[in-house]
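Peer 1: Got a structure for you, written out below as structure tokens; questions coming shortly.
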Amino acid sequence: MAQQKSLTVNGKAVRITIDDPEMPLLYALRDNLALHGPRFGCGLGQCGACTVHVDGKAVRSCLTALSQLKPGQKIVTLEGLGTAQKPHPVQQAFIEEQAVQCGYCINGMIMESAAFLAGNKKPSDADIKAALKNNLCRCGTHARILRAVKRAAAAA
Ligand code: FES
Ligand code: FES
């Protein structure tokens, strides 16, 4: 039966109509709210393409059921991290390093990196690799991604 669900997304309170409270957050973001930064990759929590922030923590939205979200929890997607005019330092660094090939993984790489750098201002290469080890890139853009995250850390 259709029901309403309230969410706080990118600083705005929104209400969506859903049929199933167990629907993944990823579907609500993409299909109900037209936020296409988070991508459907594996749908199994294994690739990271769907990563968003919930209360500042990187989470896999494909595995996060709407029923798991408590009222007032702050959801941030790639669209809410920064803007074209004022990108987040991680977004800016990815642009400057041109750390993209097909781009499918990049939402996850940026969202995971932004959450990671918020808690580690001076990461080593090993720290960055460990933070991103569960984010998959089929294009092999890893060297550029590492440079971009280091650039973002240095800029912070
Ligand atoms: S789509 Fe969520 S981890 Fe792959
Ligand atoms: S840039 Fe294509 S999957 Fe990473």
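How things are named: the first chain in the structure tokens is A, the next is B, and so on; residues count from 1 in each chain; ligands count from 1 in the order shown.
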Applying 7 Å and only C-alpha atoms, which residues near Leu26 (chain A) remain after dropping the ones on its own chain fewer than 5 positions away? List them as a list in words.

Peer 2: Pro38, Cys50, Ser61 and Cys62 of chain A

Peer 1: Please, could you write that set of residues out with all heavy atoms as a PDB file, in the first residue's frame?

Peer 2:
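So the final result, stored in again_1.pdb, reads:
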ATOM      1  N   PRO A  38      24.374   9.056  -7.447  1.00  0.00           N
ATOM      2  CA  PRO A  38      24.537   7.661  -7.013  1.00  0.00           C
ATOM      3  C   PRO A  38      24.139   6.698  -8.122  1.00  0.00           C
ATOM      4  O   PRO A  38      23.077   6.858  -8.728  1.00  0.00           O
ATOM      5  CB  PRO A  38      23.575   7.528  -5.817  1.00  0.00           C
ATOM      6  CG  PRO A  38      23.020   8.872  -5.543  1.00  0.00           C
ATOM      7  CD  PRO A  38      23.327   9.762  -6.688  1.00  0.00           C
ATOM      8  N   CYS A  50      27.123   3.277  -5.608  1.00  0.00           N
ATOM      9  CA  CYS A  50      25.890   3.884  -5.079  1.00  0.00           C
ATOM     10  C   CYS A  50      26.131   4.697  -3.811  1.00  0.00           C
ATOM     11  O   CYS A  50      25.165   5.107  -3.152  1.00  0.00           O
ATOM     12  CB  CYS A  50      24.899   2.773  -4.747  1.00  0.00           C
ATOM     13  SG  CYS A  50      25.551   1.709  -3.418  1.00  0.00           S
ATOM     14  N   SER A  61      24.018   2.888  -0.677  1.00  0.00           N
ATOM     15  CA  SER A  61      22.570   3.133  -0.704  1.00  0.00           C
ATOM     16  C   SER A  61      21.799   1.970  -1.314  1.00  0.00           C
ATOM     17  O   SER A  61      20.593   1.862  -1.122  1.00  0.00           O
ATOM     18  CB  SER A  61      22.255   4.442  -1.434  1.00  0.00           C
ATOM     19  OG  SER A  61      22.669   4.396  -2.781  1.00  0.00           O
ATOM     20  N   CYS A  62      22.496   1.078  -2.045  1.00  0.00           N
ATOM     21  CA  CYS A  62      21.791  -0.085  -2.595  1.00  0.00           C
ATOM     22  C   CYS A  62      21.414  -1.080  -1.514  1.00  0.00           C
ATOM     23  O   CYS A  62      20.519  -1.899  -1.709  1.00  0.00           O
ATOM     24  CB  CYS A  62      22.622  -0.788  -3.668  1.00  0.00           C
ATOM     25  SG  CYS A  62      24.092  -1.645  -3.044  1.00  0.00           S
TER      26      CYS A  62
END

Peer 1: Residues within 12 Å of ligand 1 should be enumerated using only C-alpha atoms and all ligand atoms and returned as an MDAnalysis selection string.

Peer 2: chainID A and resid 24:27 37:52 58:65 104:105 107:109 112 134:137

Peer 1: Those selected residues, please, written with N, CA and C atoms and delivered as an mmCIF file, in the first residue's frame.

Peer 2:
data_model
loop_
_atom_site.group_PDB
_atom_site.id
_atom_site.type_symbol
_atom_site.label_atom_id
_atom_site.label_comp_id
_atom_site.auth_asym_id
_atom_site.auth_seq_id
_atom_site.Cartn_x
_atom_site.Cartn_y
_atom_site.Cartn_z
ATOM 1 N N PRO A 24 15.343 0.042 -1.453
ATOM 2 C CA PRO A 24 16.651 0.664 -1.208
ATOM 3 C C PRO A 24 16.607 2.185 -1.378
ATOM 4 N N LEU A 25 17.378 2.851 -0.522
ATOM 5 C CA LEU A 25 17.524 4.301 -0.628
ATOM 6 C C LEU A 25 17.962 4.702 -2.032
ATOM 7 N N LEU A 26 18.807 3.896 -2.658
ATOM 8 C CA LEU A 26 19.289 4.214 -4.010
ATOM 9 C C LEU A 26 18.129 4.433 -4.975
ATOM 10 N N TYR A 27 17.114 3.600 -4.902
ATOM 11 C CA TYR A 27 15.984 3.731 -5.824
ATOM 12 C C TYR A 27 15.212 5.024 -5.542
ATOM 13 N N GLY A 37 23.481 11.131 -9.293
ATOM 14 C CA GLY A 37 24.884 10.959 -8.892
ATOM 15 C C GLY A 37 25.128 9.538 -8.416
ATOM 16 N N PRO A 38 24.374 9.056 -7.447
ATOM 17 C CA PRO A 38 24.537 7.661 -7.013
ATOM 18 C C PRO A 38 24.139 6.698 -8.122
ATOM 19 N N ARG A 39 25.011 5.721 -8.383
ATOM 20 C CA ARG A 39 24.790 4.798 -9.514
ATOM 21 C C ARG A 39 24.438 3.413 -9.015
ATOM 22 N N PHE A 40 23.672 2.708 -9.819
ATOM 23 C CA PHE A 40 23.455 1.284 -9.570
ATOM 24 C C PHE A 40 24.572 0.523 -10.278
ATOM 25 N N GLY A 41 25.421 -0.127 -9.485
ATOM 26 C CA GLY A 41 26.476 -0.948 -10.066
ATOM 27 C C GLY A 41 26.136 -2.409 -9.890
ATOM 28 N N CYS A 42 26.445 -2.915 -8.700
ATOM 29 C CA CYS A 42 26.213 -4.340 -8.420
ATOM 30 C C CYS A 42 24.890 -4.585 -7.707
ATOM 31 N N GLY A 43 24.434 -3.614 -6.932
ATOM 32 C CA GLY A 43 23.231 -3.824 -6.126
ATOM 33 C C GLY A 43 23.444 -4.760 -4.957
ATOM 34 N N LEU A 44 24.691 -5.077 -4.676
ATOM 35 C CA LEU A 44 25.019 -6.082 -3.648
ATOM 36 C C LEU A 44 25.980 -5.548 -2.590
ATOM 37 N N GLY A 45 26.245 -4.255 -2.607
ATOM 38 C CA GLY A 45 27.177 -3.704 -1.628
ATOM 39 C C GLY A 45 28.635 -3.974 -1.935
ATOM 40 N N GLN A 46 28.940 -4.352 -3.156
ATOM 41 C CA GLN A 46 30.307 -4.797 -3.449
ATOM 42 C C GLN A 46 31.125 -3.836 -4.302
ATOM 43 N N CYS A 47 30.495 -2.845 -4.928
ATOM 44 C CA CYS A 47 31.272 -2.012 -5.862
ATOM 45 C C CYS A 47 31.435 -0.564 -5.410
ATOM 46 N N GLY A 48 30.491 -0.056 -4.629
ATOM 47 C CA GLY A 48 30.592 1.311 -4.121
ATOM 48 C C GLY A 48 29.998 2.384 -5.015
ATOM 49 N N ALA A 49 29.498 2.031 -6.193
ATOM 50 C CA ALA A 49 29.005 3.059 -7.124
ATOM 51 C C ALA A 49 27.820 3.847 -6.564
ATOM 52 N N CYS A 50 27.123 3.277 -5.608
ATOM 53 C CA CYS A 50 25.890 3.884 -5.079
ATOM 54 C C CYS A 50 26.131 4.697 -3.811
ATOM 55 N N THR A 51 27.383 4.930 -3.438
ATOM 56 C CA THR A 51 27.692 5.509 -2.122
ATOM 57 C C THR A 51 27.115 6.912 -1.944
ATOM 58 N N VAL A 52 26.517 7.127 -0.780
ATOM 59 C CA VAL A 52 26.057 8.448 -0.351
ATOM 60 C C VAL A 52 26.519 8.627 1.093
ATOM 61 N N ALA A 58 29.951 7.373 4.960
ATOM 62 C CA ALA A 58 29.718 6.796 3.631
ATOM 63 C C ALA A 58 28.949 5.493 3.771
ATOM 64 N N VAL A 59 27.824 5.403 3.080
ATOM 65 C CA VAL A 59 27.028 4.168 3.126
ATOM 66 C C VAL A 59 26.666 3.751 1.702
ATOM 67 N N ARG A 60 26.397 2.492 1.560
ATOM 68 C CA ARG A 60 26.004 1.944 0.251
ATOM 69 C C ARG A 60 24.485 2.011 0.148
ATOM 70 N N SER A 61 24.018 2.888 -0.677
ATOM 71 C CA SER A 61 22.570 3.133 -0.704
ATOM 72 C C SER A 61 21.799 1.970 -1.314
ATOM 73 N N CYS A 62 22.496 1.078 -2.045
ATOM 74 C CA CYS A 62 21.791 -0.085 -2.595
ATOM 75 C C CYS A 62 21.414 -1.080 -1.514
ATOM 76 N N LEU A 63 22.110 -1.011 -0.372
ATOM 77 C CA LEU A 63 21.838 -1.954 0.723
ATOM 78 C C LEU A 63 21.137 -1.278 1.891
ATOM 79 N N THR A 64 20.826 -0.001 1.753
ATOM 80 C CA THR A 64 20.190 0.741 2.844
ATOM 81 C C THR A 64 18.701 0.845 2.566
ATOM 82 N N ALA A 65 17.902 0.084 3.289
ATOM 83 C CA ALA A 65 16.450 0.157 3.102
ATOM 84 C C ALA A 65 15.926 1.460 3.696
ATOM 85 N N TYR A 104 31.718 5.753 -14.255
ATOM 86 C CA TYR A 104 30.662 5.042 -13.531
ATOM 87 C C TYR A 104 30.966 4.896 -12.045
ATOM 88 N N CYS A 105 32.231 4.692 -11.711
ATOM 89 C CA CYS A 105 32.592 4.493 -10.303
ATOM 90 C C CYS A 105 32.778 5.797 -9.543
ATOM 91 N N ASN A 107 31.187 8.552 -8.665
ATOM 92 C CA ASN A 107 30.358 8.961 -7.539
ATOM 93 C C ASN A 107 30.860 8.314 -6.251
ATOM 94 N N GLY A 108 31.054 7.012 -6.304
ATOM 95 C CA GLY A 108 31.480 6.293 -5.103
ATOM 96 C C GLY A 108 32.869 6.690 -4.658
ATOM 97 N N MET A 109 33.773 6.866 -5.616
ATOM 98 C CA MET A 109 35.139 7.260 -5.263
ATOM 99 C C MET A 109 35.139 8.612 -4.548
ATOM 100 N N GLU A 112 33.128 8.333 -1.015
ATOM 101 C CA GLU A 112 33.925 7.581 -0.031
ATOM 102 C C GLU A 112 35.129 8.426 0.393
ATOM 103 N N ASN A 134 37.410 -1.097 -1.281
ATOM 104 C CA ASN A 134 36.146 -1.751 -1.652
ATOM 105 C C ASN A 134 35.339 -0.940 -2.664
ATOM 106 N N ASN A 135 35.974 0.047 -3.270
ATOM 107 C CA ASN A 135 35.349 0.790 -4.372
ATOM 108 C C ASN A 135 36.014 0.313 -5.662
ATOM 109 N N LEU A 136 35.224 -0.247 -6.532
ATOM 110 C CA LEU A 136 35.787 -0.867 -7.733
ATOM 111 C C LEU A 136 35.753 0.090 -8.920
ATOM 112 N N CYS A 137 36.824 0.042 -9.728
ATOM 113 C CA CYS A 137 36.886 0.810 -10.972
ATOM 114 C C CYS A 137 37.294 -0.146 -12.083
#

Peer 1: Could you tell me, counting only C-alpha atoms and all ligand atoms, which protein and nucleic acid residues lie no more than 6 Å from ligand 2, written as a JSON list (two decimals) with all heavy atoms, in the first residue's frame?

Peer 2:
[["chain", "number", "residue", "atom", "x", "y", "z"],
["A", 100, "VAL", "N", 38.93, 10.45, -14.30],
["A", 100, "VAL", "CA", 37.71, 9.77, -14.76],
["A", 100, "VAL", "C", 37.98, 9.15, -16.13],
["A", 100, "VAL", "O", 38.62, 9.77, -16.97],
["A", 100, "VAL", "CB", 36.55, 10.80, -14.92],
["A", 100, "VAL", "CG1", 35.33, 10.13, -15.52],
["A", 100, "VAL", "CG2", 36.20, 11.44, -13.59],
["A", 101, "GLN", "N", 37.50, 7.93, -16.31],
["A", 101, "GLN", "CA", 37.42, 7.42, -17.69],
["A", 101, "GLN", "C", 35.93, 7.33, -18.04],
["A", 101, "GLN", "O", 35.34, 8.31, -18.45],
["A", 101, "GLN", "CB", 38.19, 6.12, -17.84],
["A", 101, "GLN", "CG", 39.71, 6.40, -17.83],
["A", 101, "GLN", "CD", 40.52, 5.23, -18.27],
["A", 101, "GLN", "OE1", 40.25, 4.62, -19.28],
["A", 101, "GLN", "NE2", 41.56, 4.93, -17.50],
["A", 102, "CYS", "N", 35.29, 6.19, -17.80],
["A", 102, "CYS", "CA", 33.86, 6.15, -18.12],
["A", 102, "CYS", "C", 33.04, 6.91, -17.08],
["A", 102, "CYS", "O", 31.95, 7.38, -17.36],
["A", 102, "CYS", "CB", 33.36, 4.70, -18.20],
["A", 102, "CYS", "SG", 33.04, 3.93, -16.59],
["A", 103, "GLY", "N", 33.57, 7.02, -15.86],
["A", 103, "GLY", "CA", 32.90, 7.80, -14.81],
["A", 103, "GLY", "C", 31.94, 7.02, -13.94],
["A", 103, "GLY", "O", 31.42, 7.56, -12.97],
["A", 104, "TYR", "N", 31.72, 5.75, -14.26],
["A", 104, "TYR", "CA", 30.66, 5.04, -13.53],
["A", 104, "TYR", "C", 30.97, 4.90, -12.04],
["A", 104, "TYR", "O", 30.08, 4.99, -11.21],
["A", 104, "TYR", "CB", 30.41, 3.65, -14.15],
["A", 104, "TYR", "CG", 28.98, 3.23, -13.94],
["A", 104, "TYR", "CD1", 27.98, 3.62, -14.83],
["A", 104, "TYR", "CD2", 28.61, 2.51, -12.82],
["A", 104, "TYR", "CE1", 26.66, 3.28, -14.61],
["A", 104, "TYR", "CE2", 27.29, 2.16, -12.59],
["A", 104, "TYR", "CZ", 26.32, 2.56, -13.50],
["A", 104, "TYR", "OH", 25.02, 2.22, -13.27],
["A", 105, "CYS", "N", 32.23, 4.69, -11.71],
["A", 105, "CYS", "CA", 32.59, 4.49, -10.30],
["A", 105, "CYS", "C", 32.78, 5.80, -9.54],
["A", 105, "CYS", "O", 32.94, 5.78, -8.33],
["A", 105, "CYS", "CB", 33.91, 3.72, -10.23],
["A", 105, "CYS", "SG", 35.34, 4.69, -10.80],
["A", 106, "ILE", "N", 32.84, 6.91, -10.27],
["A", 106, "ILE", "CA", 33.38, 8.13, -9.67],
["A", 106, "ILE", "C", 32.51, 8.70, -8.55],
["A", 106, "ILE", "O", 33.02, 9.26, -7.58],
["A", 106, "ILE", "CB", 33.67, 9.18, -10.77],
["A", 106, "ILE", "CG1", 34.77, 8.66, -11.71],
["A", 106, "ILE", "CG2", 34.09, 10.52, -10.18],
["A", 106, "ILE", "CD1", 36.10, 8.34, -11.05],
["A", 137, "CYS", "N", 36.82, 0.04, -9.73],
["A", 137, "CYS", "CA", 36.89, 0.81, -10.97],
["A", 137, "CYS", "C", 37.29, -0.15, -12.08],
["A", 137, "CYS", "O", 38.42, -0.65, -12.10],
["A", 137, "CYS", "CB", 37.90, 1.95, -10.86],
["A", 137, "CYS", "SG", 38.15, 2.81, -12.43],
["A", 138, "ARG", "N", 36.38, -0.37, -13.01],
["A", 138, "ARG", "CA", 36.68, -1.34, -14.06],
["A", 138, "ARG", "C", 37.58, -0.74, -15.14],
["A", 138, "ARG", "O", 38.09, -1.45, -16.00],
["A", 138, "ARG", "CB", 35.38, -1.85, -14.68],
["A", 138, "ARG", "CG", 34.60, -0.77, -15.40],
["A", 138, "ARG", "CD", 33.24, -1.23, -15.83],
["A", 138, "ARG", "NE", 32.48, -0.07, -16.33],
["A", 138, "ARG", "CZ", 31.23, -0.14, -16.70],
["A", 138, "ARG", "NH1", 30.57, -1.27, -16.62],
["A", 138, "ARG", "NH2", 30.61, 0.93, -17.13],
["A", 139, "CYS", "N", 37.72, 0.60, -15.15],
["A", 139, "CYS", "CA", 38.54, 1.24, -16.17],
["A", 139, "CYS", "C", 40.02, 1.29, -15.79],
["A", 139, "CYS", "O", 40.83, 1.69, -16.61],
["A", 139, "CYS", "CB", 38.05, 2.67, -16.41],
["A", 139, "CYS", "SG", 36.40, 2.74, -17.09],
["A", 141, "THR", "N", 41.41, 3.34, -13.42],
["A", 141, "THR", "CA", 41.78, 4.74, -13.24],
["A", 141, "THR", "C", 42.44, 4.98, -11.89],
["A", 141, "THR", "O", 42.57, 6.12, -11.45],
["A", 141, "THR", "CB", 40.51, 5.62, -13.38],
["A", 141, "THR", "OG1", 39.72, 5.12, -14.47],
["A", 141, "THR", "CG2", 40.82, 7.06, -13.67]]

Peer 1: Please identify every residue of region 45-81 of chain A that has at least one atom no farther than 12 Å from an atom of region 5-9 of chain A, counting only C-alpha atoms, and for each give the shortest atom pair and the distance in Å to one decimal, arranged by chain then increasing number, as a Markdown table.

Peer 2:
| residue | atom | partner | partner_atom | distance |
| --- | --- | --- | --- | --- |
| A:Val52 | CA | A:Val9 | CA | 10.3 |
| A:His53 | CA | A:Val9 | CA | 9.8 |
| A:Val54 | CA | A:Val9 | CA | 9.3 |
| A:Asp55 | CA | A:Thr8 | CA | 10.3 |
| A:Ala65 | CA | A:Lys5 | CA | 11.8 |
| A:Leu66 | CA | A:Lys5 | CA | 8.1 |
| A:Ser67 | CA | A:Lys5 | CA | 9.0 |
| A:Gln68 | CA | A:Leu7 | CA | 11.6 |
| A:Leu69 | CA | A:Leu7 | CA | 8.2 |
| A:Lys70 | CA | A:Leu7 | CA | 8.6 |
| A:Pro71 | CA | A:Leu7 | CA | 6.9 |
| A:Gly72 | CA | A:Thr8 | CA | 6.2 |
| A:Gln73 | CA | A:Thr8 | CA | 6.5 |
| A:Lys74 | CA | A:Thr8 | CA | 5.4 |
| A:Ile75 | CA | A:Val9 | CA | 4.8 |
| A:Val76 | CA | A:Val9 | CA | 5.7 |
| A:Thr77 | CA | A:Val9 | CA | 7.6 |
| A:Leu78 | CA | A:Val9 | CA | 10.9 |
| A:Glu79 | CA | A:Val9 | CA | 9.9 |
| A:Gly80 | CA | A:Val9 | CA | 8.0 |
| A:Leu81 | CA | A:Val9 | CA | 10.9 |

Peer 1: If you count only C-alpha atoms, which residues fall within 10 Å of Ala152 (chain A), apart from same-chain ones fewer than 4 positions away, as a list of chain:residue names?

Peer 2: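 So the residues in contact are A:His88, A:Pro89, A:Val90, A:Gln91, A:Gln92, A:Ala93, A:Phe94, A:Glu96, A:Ser113, A:Ala114, A:Leu117, A:Lys121, A:Leu146, A:Arg147, A:Ala148, A:Ala156.
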
Peer 1: Can you tell me which residues surround Ala131 (chain A) at a distance of at most 7 Å, considering only C-alpha atoms, apart from same-chain residues fewer than 3 positions away, and format the answer as number ranges by chain?

Peer 2: A: 116, 127-128

Peer 1: Counting only C-alpha atoms, which residue out of A:Gln4, A:Asn32, A:Thr17, A:Gln98 sits closest to Val149 (chain A)?

Peer 2: A:Gln98

Peer 1: Just list as a PyMOL selection string whatever in chain A DSSP marks as helix (DSSP H, G or I).

Peer 2: chain A and resi 25-32+66-68+78-81+89-96+106-119+125-131+142-155

Peer 1: My list of candidates is A:Gly56, A:Leu33, A:Asp20, A:Asn10. Which is closest to Ala118 (chain A) when distances are computed with only C-alpha atoms?

Peer 2: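 For Ala118 (chain A), the nearest of the given residues is A:Gly56.
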
Peer 1: Of the residues A:Met1, A:Arg144, A:Lys133, A:Gln85, which is the one nearest to Asp19 (chain A), using only C-alpha atoms?

Peer 2: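 Closest residue, counting only C-alpha atoms: A:Met1.
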
Peer 1: Provide the CA of Ser124 (chain A) to CA of Ala143 (chain A) distance in Å, to one decimal place.

Peer 2: 14.2 Å

Peer 1: Using only C-alpha atoms, which residue out of A:Ala13, A:Ala153, A:Met111, A:Ile95 lies closest to Leu132 (chain A)?

Peer 2: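 Ranking A:Ala13, A:Ala153, A:Met111, A:Ile95 by distance to Leu132 (chain A), first place goes to A:Met111.
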
Peer 1: Would you compute the distance between CA of Gly11 (chain A) and CA of Ala154 (chain A)? Give it in Å to one decimal.

Peer 2: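 It comes out at 27.2 Å.
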
Peer 1: For the structure I just gave you, how does DSSP split chain A - specifically, which residues are strand (DSSP E)? Reply as an MDAnalysis selection string.

Peer 2: chainID A and resid 3:9 12:18 51:54 57:60 74:76

Peer 1: Keeping C-alpha atoms, export the residues of the selection given above as a PDB file, in the first residue's frame.

Peer 2:
ATOM      1  CA  GLN A   3       2.738   5.394   2.019  1.00  0.00           C
ATOM      2  CA  GLN A   4       4.688   8.576   2.635  1.00  0.00           C
ATOM      3  CA  LYS A   5       8.312   8.670   3.714  1.00  0.00           C
ATOM      4  CA  SER A   6      10.059  11.807   4.939  1.00  0.00           C
ATOM      5  CA  LEU A   7      13.751  12.247   4.231  1.00  0.00           C
ATOM      6  CA  THR A   8      16.328  15.014   4.552  1.00  0.00           C
ATOM      7  CA  VAL A   9      18.344  15.066   1.344  1.00  0.00           C
ATOM      8  CA  LYS A  12      16.071  19.818   2.101  1.00  0.00           C
ATOM      9  CA  ALA A  13      13.159  18.032   3.754  1.00  0.00           C
ATOM     10  CA  VAL A  14      11.375  15.915   1.153  1.00  0.00           C
ATOM     11  CA  ARG A  15       8.427  13.549   1.185  1.00  0.00           C
ATOM     12  CA  ILE A  16       8.144  10.692  -1.231  1.00  0.00           C
ATOM     13  CA  THR A  17       5.420   8.165  -1.905  1.00  0.00           C
ATOM     14  CA  ILE A  18       6.576   4.569  -1.728  1.00  0.00           C
ATOM     15  CA  THR A  51      27.692   5.509  -2.122  1.00  0.00           C
ATOM     16  CA  VAL A  52      26.057   8.448  -0.351  1.00  0.00           C
ATOM     17  CA  HIS A  53      26.594  10.030   3.069  1.00  0.00           C
ATOM     18  CA  VAL A  54      24.214   9.465   5.946  1.00  0.00           C
ATOM     19  CA  LYS A  57      29.268   8.457   7.022  1.00  0.00           C
ATOM     20  CA  ALA A  58      29.718   6.796   3.631  1.00  0.00           C
ATOM     21  CA  VAL A  59      27.028   4.168   3.126  1.00  0.00           C
ATOM     22  CA  ARG A  60      26.004   1.944   0.251  1.00  0.00           C
ATOM     23  CA  LYS A  74      21.010  13.822   6.914  1.00  0.00           C
ATOM     24  CA  ILE A  75      21.480  12.217   3.512  1.00  0.00           C
ATOM     25  CA  VAL A  76      23.955  13.852   1.131  1.00  0.00           C
TER      26      VAL A  76
END
